[in-house]
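Coordinates from run-v7.txt are shown below (compact mmCIF, C-alpha atoms and all ligand atoms).
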# COMPACT_ATOMS: atom_id res chain seq x y z
CA MET G 497 16.89 28.86 8.42
CA ALA G 498 16.17 25.27 9.37
CA GLU G 499 13.42 24.57 11.82
CA VAL G 500 12.61 21.88 14.33
CA VAL G 501 8.83 22.03 14.54
CA LYS G 502 6.80 20.21 17.13
CA ALA G 503 3.04 19.77 16.90
CA THR G 504 2.18 20.95 20.39
CA ASP G 505 2.59 24.24 22.29
CA ALA G 506 6.10 25.56 22.71
CA VAL G 507 7.94 24.73 25.94
CA ASP G 508 11.51 25.39 26.98
CA VAL G 509 14.14 23.12 25.49
CA PRO G 510 16.02 21.27 28.28
CA ASP G 511 19.38 22.88 29.13
CA ASP G 512 21.37 19.77 28.23
CA LEU G 513 19.78 19.53 24.80
CA ASN G 514 22.40 21.95 23.59
CA TRP G 515 23.34 20.46 20.25
CA PHE G 516 20.90 22.40 18.09
CA ARG G 517 21.28 25.93 16.89
CA GLY G 518 18.97 27.80 19.24
CA ASP G 519 17.38 29.83 16.47
CA SER G 520 16.35 26.72 14.58
CA VAL G 521 13.93 25.45 17.22
CA ILE G 522 10.38 26.71 16.79
CA GLN G 523 8.56 24.30 19.08
CA TYR G 524 9.58 21.55 21.46
CA ASP G 525 7.50 19.11 23.46
CA ASP G 526 8.57 16.35 25.86
CA MET G 527 6.99 13.02 24.92
CA ALA G 528 8.00 11.49 28.25
CA PRO G 529 9.59 12.82 31.43
CA GLY G 530 13.36 12.45 31.79
CA LYS G 531 14.66 9.09 33.10
CA LEU G 532 11.41 7.32 32.14
CA THR G 533 12.58 6.52 28.64
CA GLY G 534 15.39 4.40 27.28
CA GLN G 535 16.83 3.18 24.04
CA VAL G 536 18.58 0.07 22.82
CA ASN G 537 21.03 -0.39 19.99
CA PRO G 538 19.21 -3.04 17.89
CA TYR G 539 22.39 -4.91 16.89
CA GLN G 540 23.73 -5.05 20.43
CA PHE G 541 20.30 -5.93 21.80
CA THR G 542 19.58 -8.79 19.39
CA THR G 543 23.07 -10.29 19.57
CA ALA G 544 23.06 -10.07 23.39
CA MET G 545 19.67 -11.84 23.51
CA ALA G 546 21.00 -14.51 21.14
CA ARG G 547 24.05 -15.09 23.37
CA LEU G 548 21.78 -15.37 26.43
CA ALA G 549 19.62 -17.94 24.61
CA GLU G 550 22.73 -19.92 23.66
CA GLY G 551 23.77 -19.83 27.29
CA LYS G 552 20.47 -21.58 28.12
CA GLY G 553 21.04 -24.29 25.52
CA ALA G 554 19.64 -22.88 22.28
CA ARG G 555 21.56 -23.68 19.08
CA ILE G 556 21.60 -20.74 16.69
CA VAL G 557 22.33 -21.34 13.02
CA THR G 558 23.48 -18.24 11.14
CA GLY G 559 24.41 -17.75 7.49
CA ALA G 560 21.60 -20.02 6.37
CA ILE G 561 18.41 -19.47 4.43
CA VAL G 562 15.23 -21.40 5.18
CA GLU G 563 13.96 -22.71 1.87
CA GLU G 564 10.83 -24.51 2.95
CA ILE G 565 8.63 -25.48 5.85
CA ASP G 566 7.67 -29.10 5.38
CA TYR G 567 4.17 -30.21 6.39
CA SER G 568 2.92 -33.67 7.29
CA SER G 569 0.68 -35.35 4.74
CA SER G 570 -2.03 -36.34 7.26
CA ASP G 571 -5.60 -34.92 7.10
CA GLU G 572 -4.86 -32.30 9.73
CA PRO G 573 -2.00 -30.08 8.49
CA ALA G 574 0.97 -29.91 10.86
CA VAL G 575 4.59 -28.83 10.60
CA ASN G 576 7.02 -31.64 10.13
CA ALA G 577 10.44 -30.13 9.36
CA VAL G 578 12.33 -27.08 8.14
CA ARG G 579 14.73 -27.26 5.20
CA TYR G 580 17.55 -24.73 5.24
CA ARG G 581 20.56 -24.10 3.02
CA ASP G 582 23.98 -23.00 4.24
CA LYS G 583 24.74 -19.86 2.19
CA SER G 584 28.48 -20.52 1.94
CA THR G 585 28.50 -24.28 1.24
CA GLY G 586 25.12 -24.53 -0.51
CA ILE G 587 24.39 -27.67 1.52
CA SER G 588 20.73 -28.17 2.46
CA THR G 589 19.71 -29.69 5.78
CA MET G 590 16.30 -31.01 6.83
CA LEU G 591 15.63 -30.30 10.49
CA ALA G 592 12.72 -32.22 12.05
CA ALA G 593 10.38 -29.87 13.94
CA ASP G 594 7.07 -30.18 15.74
CA ILE G 595 6.94 -26.40 16.35
CA VAL G 596 8.11 -23.69 13.95
CA ILE G 597 8.07 -20.03 14.96
CA LEU G 598 8.05 -17.96 11.78
CA ALA G 599 9.55 -14.51 12.40
CA ALA G 600 10.99 -13.60 9.02
CA GLY G 601 9.82 -9.97 9.08
CA PRO G 602 8.83 -8.72 5.61
CA TRP G 603 9.98 -12.06 4.11
CA THR G 604 7.37 -14.01 6.11
CA PRO G 605 5.06 -14.54 3.07
CA THR G 606 7.90 -16.27 1.16
CA LEU G 607 7.57 -19.12 3.67
CA PHE G 608 3.87 -18.78 4.49
CA ARG G 609 2.10 -17.31 1.48
CA SER G 610 -1.17 -16.36 3.13
CA ALA G 611 0.45 -14.04 5.71
CA PRO G 612 -0.84 -10.53 4.81
CA ILE G 613 2.53 -8.90 5.34
CA ASN G 614 4.11 -6.26 3.13
CA ALA G 615 7.42 -4.40 3.08
CA LEU G 616 8.26 -0.71 3.47
CA ARG G 617 11.86 0.39 2.92
CA ALA G 618 13.40 3.00 5.24
CA HIS G 619 16.89 4.52 5.28
CA SER G 620 19.11 5.40 8.19
CA VAL G 621 22.42 7.14 8.75
CA THR G 622 24.89 7.13 11.63
CA ILE G 623 27.10 10.11 12.42
CA LYS G 624 29.99 10.41 14.87
CA PRO G 625 29.36 13.94 16.19
CA SER G 626 32.12 16.47 16.70
CA ARG G 627 31.71 16.13 20.49
CA PRO G 628 29.80 13.77 22.85
CA LEU G 629 26.10 14.68 22.94
CA SER G 630 23.47 14.35 25.65
CA ALA G 631 21.10 11.37 25.27
CA TYR G 632 17.85 12.30 23.51
CA CYS G 633 15.50 10.68 20.99
CA LEU G 634 14.03 13.45 18.87
CA PHE G 635 11.11 13.14 16.49
CA THR G 636 11.63 16.16 14.29
CA GLU G 637 10.18 18.12 11.41
CA ILE G 638 12.88 20.05 9.62
CA SER G 639 12.24 22.52 6.83
CA VAL G 640 14.69 22.21 3.94
CA PRO G 641 14.92 24.12 0.65
CA ASP G 642 12.53 23.12 -2.12
CA SER G 643 15.29 21.65 -4.27
CA THR G 644 15.61 18.72 -1.83
CA GLN G 645 13.21 15.87 -2.47
CA SER G 646 10.69 15.13 0.26
CA SER G 647 7.14 13.94 0.65
CA ALA G 648 5.65 16.88 2.57
CA HIS G 649 5.58 20.65 1.97
CA SER G 650 5.51 23.69 4.24
CA ALA G 651 5.29 27.41 3.62
CA THR G 652 9.05 27.76 4.11
CA GLY G 653 10.17 24.77 2.03
CA LYS G 654 9.74 21.04 2.30
CA LEU G 655 9.49 19.12 5.52
CA VAL G 656 11.77 16.21 6.29
CA CYS G 657 10.93 14.22 9.41
CA PRO G 658 14.01 12.37 10.66
CA GLU G 659 14.06 10.58 14.01
CA ILE G 660 17.34 11.42 15.75
CA TYR G 661 18.75 9.17 18.48
CA SER G 662 21.92 10.15 20.26
CA ARG G 663 23.54 6.94 21.47
CA PRO G 664 25.90 6.43 24.40
CA ASN G 665 28.86 5.37 22.23
CA ASN G 666 29.28 8.86 20.76
CA GLU G 667 27.19 8.00 17.75
CA VAL G 668 23.97 9.54 16.50
CA TYR G 669 21.49 7.33 14.66
CA ILE G 670 19.09 9.05 12.27
CA ALA G 671 16.14 7.28 10.66
CA GLY G 672 14.46 8.66 7.57
CA GLU G 673 11.03 8.18 6.06
CA GLY G 674 9.70 5.06 4.36
CA ASP G 675 9.42 4.54 0.60
CA MET G 676 7.96 1.87 -1.65
CA SER G 677 10.13 2.63 -4.69
CA VAL G 678 12.12 -0.63 -4.67
CA PRO G 679 10.28 -3.93 -4.06
CA LEU G 680 11.53 -6.29 -1.34
CA PRO G 681 14.55 -8.21 -2.68
CA SER G 682 14.81 -11.95 -2.17
CA SER G 683 17.21 -11.62 0.76
CA VAL G 684 18.53 -9.09 3.23
CA ASP G 685 21.96 -9.16 1.47
CA GLU G 686 20.43 -7.55 -1.63
CA VAL G 687 18.73 -4.53 -0.03
CA GLU G 688 19.45 -1.48 -2.19
CA ILE G 689 20.64 1.70 -0.48
CA ASP G 690 19.55 4.95 -2.14
CA ARG G 691 22.28 7.47 -1.31
CA ASN G 692 19.96 10.38 -2.11
CA ALA G 693 17.52 9.22 0.56
CA CYS G 694 20.41 9.14 3.05
CA ARG G 695 21.67 12.55 1.95
CA LEU G 696 18.21 14.02 2.44
CA VAL G 697 18.26 13.25 6.17
CA GLU G 698 21.98 14.05 6.51
CA ASN G 699 21.49 17.50 4.97
CA ALA G 700 18.42 18.17 7.09
CA VAL G 701 20.06 17.41 10.44
CA MET G 702 23.29 19.17 9.48
CA ARG G 703 21.33 22.38 8.88
CA ILE G 704 20.19 22.49 12.48
CA SER G 705 23.18 21.07 14.38
CA ASP G 706 26.83 22.16 14.14
CA GLU G 707 27.85 19.02 16.05
CA LEU G 708 26.28 16.80 13.38
CA ARG G 709 27.45 18.99 10.49
CA ASP G 710 31.04 18.86 11.76
CA GLY G 711 30.82 15.14 12.54
CA VAL G 712 31.68 12.14 10.37
CA VAL G 713 29.07 9.99 8.63
CA THR G 714 29.91 6.42 9.71
CA GLY G 715 27.13 4.45 8.02
CA ARG G 716 24.34 4.65 5.46
CA ARG G 717 21.82 1.82 5.56
CA ALA G 718 18.38 0.71 4.41
CA CYS G 719 16.07 -1.99 5.67
CA TYR G 720 12.47 -3.09 5.16
CA LEU G 721 9.77 -2.82 7.81
CA PRO G 722 7.23 -5.65 7.94
CA THR G 723 3.81 -3.98 7.64
CA VAL G 724 0.46 -5.77 7.98
CA ASP G 725 -2.06 -5.27 5.18
CA LEU G 726 -5.07 -4.94 7.47
CA PRO G 727 -6.93 -1.91 8.82
CA SER G 728 -5.66 -2.57 12.37
CA GLY G 729 -2.05 -2.83 11.23
CA ASN G 730 -1.48 -5.05 14.29
CA PRO G 731 1.34 -7.58 14.21
CA LEU G 732 0.35 -11.24 13.86
CA ILE G 733 1.41 -13.17 16.96
CA GLY G 734 0.29 -16.68 17.85
CA PRO G 735 -0.69 -20.08 16.44
CA THR G 736 -2.00 -20.53 12.91
CA ASP G 737 -4.45 -23.11 11.55
CA ILE G 738 -1.47 -25.35 10.83
CA ASN G 739 -0.53 -27.38 13.90
CA GLY G 740 2.81 -26.27 15.26
CA LEU G 741 3.19 -23.20 13.03
CA ILE G 742 3.37 -20.01 15.12
CA LEU G 743 3.68 -16.53 13.66
CA ALA G 744 5.57 -13.60 15.19
CA ALA G 745 5.68 -11.04 12.41
CA GLY G 746 4.39 -7.72 11.10
CA HIS G 747 5.67 -5.37 13.80
CA GLY G 748 5.92 -2.36 11.48
CA CYS G 749 8.03 0.42 12.95
CA TRP G 750 7.87 -0.97 16.52
CA GLY G 751 9.58 -4.34 16.19
CA ILE G 752 12.48 -3.48 18.46
CA HIS G 753 10.24 -1.98 21.11
CA ASN G 754 7.82 -4.92 21.06
CA ALA G 755 10.37 -7.70 20.60
CA PRO G 756 10.81 -8.63 24.29
CA ALA G 757 7.04 -8.85 24.89
CA THR G 758 6.62 -10.85 21.68
CA GLY G 759 9.34 -13.28 22.74
CA LYS G 760 7.75 -13.68 26.16
CA VAL G 761 4.24 -14.49 24.91
CA ILE G 762 5.59 -16.79 22.19
CA SER G 763 7.58 -18.72 24.81
CA GLU G 764 4.41 -19.02 26.90
CA ILE G 765 2.50 -20.36 23.89
CA VAL G 766 5.23 -22.94 23.24
CA PHE G 767 5.84 -24.07 26.81
CA GLN G 768 2.49 -23.41 28.52
CA GLY G 769 0.05 -23.76 25.63
CA GLU G 770 -1.15 -20.15 25.60
CA ALA G 771 -0.10 -16.56 26.24
CA LYS G 772 -0.28 -15.93 29.99
CA SER G 773 1.15 -12.48 30.56
CA ALA G 774 -0.95 -10.51 28.05
CA ASP G 775 -4.23 -10.75 26.18
CA ILE G 776 -3.07 -11.06 22.57
CA SER G 777 -6.40 -12.17 21.10
CA ALA G 778 -6.46 -9.08 18.83
CA LEU G 779 -3.18 -10.25 17.28
CA ASP G 780 -4.36 -13.83 16.59
CA PRO G 781 -3.30 -14.78 13.04
CA ARG G 782 -6.27 -17.17 12.77
CA ILE G 783 -8.65 -14.19 12.68
CA VAL G 784 -7.22 -13.02 9.37
CA ILE G 785 -5.49 -15.97 7.68
C1 LIG S 1 15.08 2.93 9.59
C2 LIG S 1 14.31 2.13 10.59
C3 LIG S 1 14.10 2.61 11.88
C4 LIG S 1 13.39 1.86 12.83
N1 LIG S 1 13.23 2.37 14.09
C5 LIG S 1 12.60 1.62 15.02
C6 LIG S 1 12.45 2.10 16.37
O1 LIG S 1 12.88 3.20 16.71
N2 LIG S 1 11.82 1.31 17.27
C7 LIG S 1 11.31 0.10 16.94
O2 LIG S 1 10.74 -0.57 17.81
N3 LIG S 1 11.41 -0.38 15.67
C8 LIG S 1 12.03 0.35 14.70
N4 LIG S 1 12.12 -0.09 13.42
C9 LIG S 1 11.36 -1.30 13.05
C10 LIG S 1 12.07 -2.58 13.40
O3 LIG S 1 13.38 -2.57 12.85
C11 LIG S 1 11.26 -3.75 12.83
O4 LIG S 1 9.94 -3.71 13.31
C12 LIG S 1 11.89 -5.07 13.27
O5 LIG S 1 13.19 -5.18 12.76
C13 LIG S 1 11.06 -6.26 12.79
O6 LIG S 1 11.67 -7.40 13.33
P1 LIG S 1 11.46 -8.82 12.69
O7 LIG S 1 12.37 -9.74 13.41
O8 LIG S 1 10.00 -9.14 12.61
O9 LIG S 1 11.93 -8.66 11.15
P2 LIG S 1 13.39 -8.36 10.61
O10 LIG S 1 14.13 -7.45 11.52
O11 LIG S 1 13.22 -7.97 9.18
O12 LIG S 1 14.11 -9.77 10.70
C14 LIG S 1 13.72 -10.83 9.87
C15 LIG S 1 14.94 -11.70 9.71
O13 LIG S 1 14.54 -12.90 9.05
C16 LIG S 1 15.55 -13.21 8.13
N5 LIG S 1 14.96 -14.06 7.09
C17 LIG S 1 13.99 -13.74 6.20
N6 LIG S 1 13.70 -14.78 5.42
C18 LIG S 1 14.51 -15.79 5.83
C19 LIG S 1 14.68 -17.14 5.41
N7 LIG S 1 13.97 -17.66 4.41
N8 LIG S 1 15.63 -17.89 6.03
C20 LIG S 1 16.37 -17.38 7.05
N9 LIG S 1 16.23 -16.12 7.50
C21 LIG S 1 15.32 -15.34 6.89
C22 LIG S 1 16.03 -11.89 7.58
O14 LIG S 1 17.32 -12.03 7.02
C23 LIG S 1 16.03 -11.05 8.84
O15 LIG S 1 17.26 -11.18 9.53
C24 LIG S 1 12.84 0.63 12.47
C25 LIG S 1 13.03 0.13 11.17
C26 LIG S 1 13.76 0.88 10.24
C27 LIG S 1 13.95 0.31 8.85
Would you write out, as structure tokens, the structure that this file holds?
Ligand SMILES: Cc1cc2nc3c(=O)[nH]c(=O)nc-3n(C[C@H](O)[C@H](O)[C@H](O)COP(=O)(O)OP(=O)(O)OC[C@H]3O[C@@H](n4cnc5c(N)ncnc54)[C@H](O)[C@@H]3O)c2cc1C
Amino acid sequence: MAEVVKATDAVDVPDDLNWFRGDSVIQYDDMAPGKLTGQVNPYQFTTAMARLAEGKGARIVTGAIVEEIDYSSSDEPAVNAVRYRDKSTGISTMLAADIVILAAGPWTPTLFRSAPINALRAHSVTIKPSRPLSAYCLFTEISVPDSTQSSAHSATGKLVCPEIYSRPNNEVYIAGEGDMSVPLPSSVDEVEIDRNACRLVENAVMRISDELRDGVVTGRRACYLPTVDLPSGNPLIGPTDINGLILAAGHGCWGIHNAPATGKVISEIVFQGEAKSADISALDPRIVI
């Protein structure tokens, strides 16, 4: 029997959370009251924000790789330009810049070596369920047979801890655990997908939900989280010791959640000289770099 185990005391499962086999739920706890939570689809969110920025005059260059940040040769280091290469034509362009915001996630150190940022791979799967499901984000612990690989053990088997998000477009997104088995490749196009890691979470959720078991797997993906190699683990947001170079990186597993606030304080730094809407002194890159 598969189990959804929650760490706190058992409470009733909401009536509309009816897409688990009842006998598989051992404990359930609400992390937040209904209607006080929300979710975004990261692709739709980021592309919508990009379109809004374009509507305000921003020019967005896609399909290009930044090869170098160029610095002025004066005594006080300052950014001077960014050199990027069009991936399809191979043509390099030098773009003059007095401010560069570096937000290259786990690849940030390739452009700014001293950034203490590392990479943790994580897999995800999307499933079109056999019927539309109510909207819930579930942080689960599911016991699976010993033969399945996993990092944690329980008395009844091994524990797999997928996060399950039922999305409004009749799709369920499931995120698995992180692994360090494959180092960060040189670009996002070369990220390796381990099908066994995807199957692990697929098998786990299919054991507890008929709707997911009878659904269709529509995607198997992997990406790298930017983690910060410091005890705080805080992201690095703000100016660096190089004039004009601003960091916005290292958001770990909360980069979607914290993206709007990061964008807001970065825009305040650029246009008003400092962050106005939040005290981000604990995230100051100059403390650690
Ligand atoms: C499976 C999984 C589940 C997650 N779930 C959540 C969640 O529920 N909530 C949440 O808030 N966060 C979640 N995250 C974390 C979130 O995805 C990251 O924190 C976030 O994507 C980090 O954003 P970023 O822009 O800093 O880096 P990235 O998203 O990695 O973006 C960096 C971009 O820079 C580009 N780039 C790198 N180098 C160059 C270069 N030289 N030239 C041009 N472009 C370059 C890359 O191609 C990439 O597009 C999850 C992550 C994973 C893997």
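A straight line drawn from atom CA of G:Ser520 to atom CA of G:Arg703 is 8.7 Å long.
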How big is the axis-aligned box around all listed atoms of stretch 744-751 of chain G once 4 Å goes on each side, and where's its centre, in Å to one decimal, as lines of an AutoDock Vina configuration file?
center_x = 7.0
center_y = -6.6
center_z = 13.8
size_x = 13.2
size_y = 22.0
size_z = 13.4
Exercise for review: Give the residue list for ligand LIG 1 (chain S) at 8 Å, counting only C-alpha atoms and all ligand atoms, as a PyMOL selection string, sorted by chain and then by residue number.
Suggested key: chain G and resi 538+560-564+580+599-604+606-607+616-620+659+670-674+683-685+717-722+744-755
Exercise for review: Enumerate, as a PyMOL selection string, the protein, DNA and RNA residues whose atoms approach (18.6, 10.7, 15.8) to within 8 Å, taking into account all atoms listed in the file and the coordinate frame of the file.
Suggested key: chain G and resi 632-635+658-662+668-671
Review point. What is the atom CA of G:Ala574 to atom CA of G:Ile738 distance in Å?
Key: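 Taking atom CA of G:Ala574 as the start and atom CA of G:Ile738 as the end point, the length is 5.2 Å.
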**Study point:** Polymer residues at most 8 Å from G:Ile742, all atoms listed in the file, same-chain spacing of 2 or more positions, as a PyMOL selection string
**Key:** chain G and resi 595-598+733-736+740+744
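Closest approach to G:Arg695 among G:Pro510, G:Gly715, G:Pro756, G:Pro612: G:Gly715, based on all atoms listed in the file.
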Check your understanding: In terms of the shortest atom-to-atom distance over all atoms listed in the file, which of G:Leu779, G:Ala774, G:Val687, G:Leu741 is closest to G:Ala577?
Key ->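 Ranking G:Leu779, G:Ala774, G:Val687, G:Leu741 by distance to G:Ala577, first place goes to G:Leu741.
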Point to revise | Coordinates-based distance that separates atom CA of G:Thr758 from atom CA of G:Glu550 (Å, one decimal) | key: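 Straight-line distance from atom CA of G:Glu550 to atom CA of G:Thr758 works out to 18.6 Å.
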Filled-in N, CA, C and O atoms of stretch 698-715 of chain G, supplied as a short mmCIF file (atom, residue, chain, number, x, y, z; two decimals), in the frame of the given file:
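So out-v9.cif came out as:
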data_model
loop_
_atom_site.label_atom_id
_atom_site.label_comp_id
_atom_site.auth_asym_id
_atom_site.auth_seq_id
_atom_site.Cartn_x
_atom_site.Cartn_y
_atom_site.Cartn_z
N GLU G 698 20.69 13.48 6.08
CA GLU G 698 21.98 14.05 6.51
C GLU G 698 21.94 15.58 6.39
O GLU G 698 22.26 16.32 7.32
N ASN G 699 21.52 16.05 5.20
CA ASN G 699 21.49 17.50 4.97
C ASN G 699 20.55 18.19 5.93
O ASN G 699 20.83 19.28 6.43
N ALA G 700 19.40 17.54 6.20
CA ALA G 700 18.42 18.17 7.09
C ALA G 700 18.99 18.35 8.49
O ALA G 700 18.94 19.44 9.06
N VAL G 701 19.58 17.28 9.06
CA VAL G 701 20.06 17.41 10.44
C VAL G 701 21.29 18.30 10.52
O VAL G 701 21.51 18.99 11.53
N MET G 702 22.09 18.34 9.45
CA MET G 702 23.29 19.17 9.48
C MET G 702 22.94 20.65 9.42
O MET G 702 23.72 21.50 9.84
N ARG G 703 21.76 20.97 8.92
CA ARG G 703 21.33 22.38 8.88
C ARG G 703 20.98 22.90 10.27
O ARG G 703 21.00 24.10 10.50
N ILE G 704 20.63 22.00 11.17
CA ILE G 704 20.19 22.49 12.48
C ILE G 704 21.19 22.21 13.60
O ILE G 704 20.99 22.66 14.73
N SER G 705 22.23 21.43 13.31
CA SER G 705 23.18 21.07 14.38
C SER G 705 24.61 21.17 13.88
O SER G 705 25.01 20.43 12.98
N ASP G 706 25.40 22.05 14.50
CA ASP G 706 26.83 22.16 14.14
C ASP G 706 27.56 20.86 14.48
O ASP G 706 28.45 20.44 13.76
N GLU G 707 27.17 20.23 15.60
CA GLU G 707 27.85 19.02 16.05
C GLU G 707 27.66 17.89 15.04
O GLU G 707 28.54 17.06 14.86
N LEU G 708 26.50 17.84 14.40
CA LEU G 708 26.28 16.80 13.38
C LEU G 708 26.92 17.23 12.06
O LEU G 708 27.52 16.41 11.36
N ARG G 709 26.84 18.51 11.74
CA ARG G 709 27.45 18.99 10.49
C ARG G 709 28.96 18.77 10.51
O ARG G 709 29.56 18.36 9.51
N ASP G 710 29.58 19.00 11.67
CA ASP G 710 31.04 18.86 11.76
C ASP G 710 31.46 17.43 12.12
O ASP G 710 32.65 17.16 12.32
N GLY G 711 30.51 16.54 12.21
CA GLY G 711 30.82 15.14 12.54
C GLY G 711 31.17 14.35 11.28
O GLY G 711 31.32 14.88 10.19
N VAL G 712 31.29 13.04 11.48
CA VAL G 712 31.68 12.14 10.37
C VAL G 712 30.56 11.11 10.17
O VAL G 712 30.13 10.46 11.13
N VAL G 713 30.09 11.00 8.94
CA VAL G 713 29.07 9.99 8.63
C VAL G 713 29.75 8.62 8.67
O VAL G 713 30.72 8.37 7.95
N THR G 714 29.26 7.73 9.54
CA THR G 714 29.91 6.42 9.71
C THR G 714 29.12 5.28 9.06
O THR G 714 29.63 4.16 8.96
N GLY G 715 27.89 5.53 8.65
CA GLY G 715 27.13 4.45 8.02
C GLY G 715 25.90 4.97 7.31
O GLY G 715 25.29 5.95 7.75
#
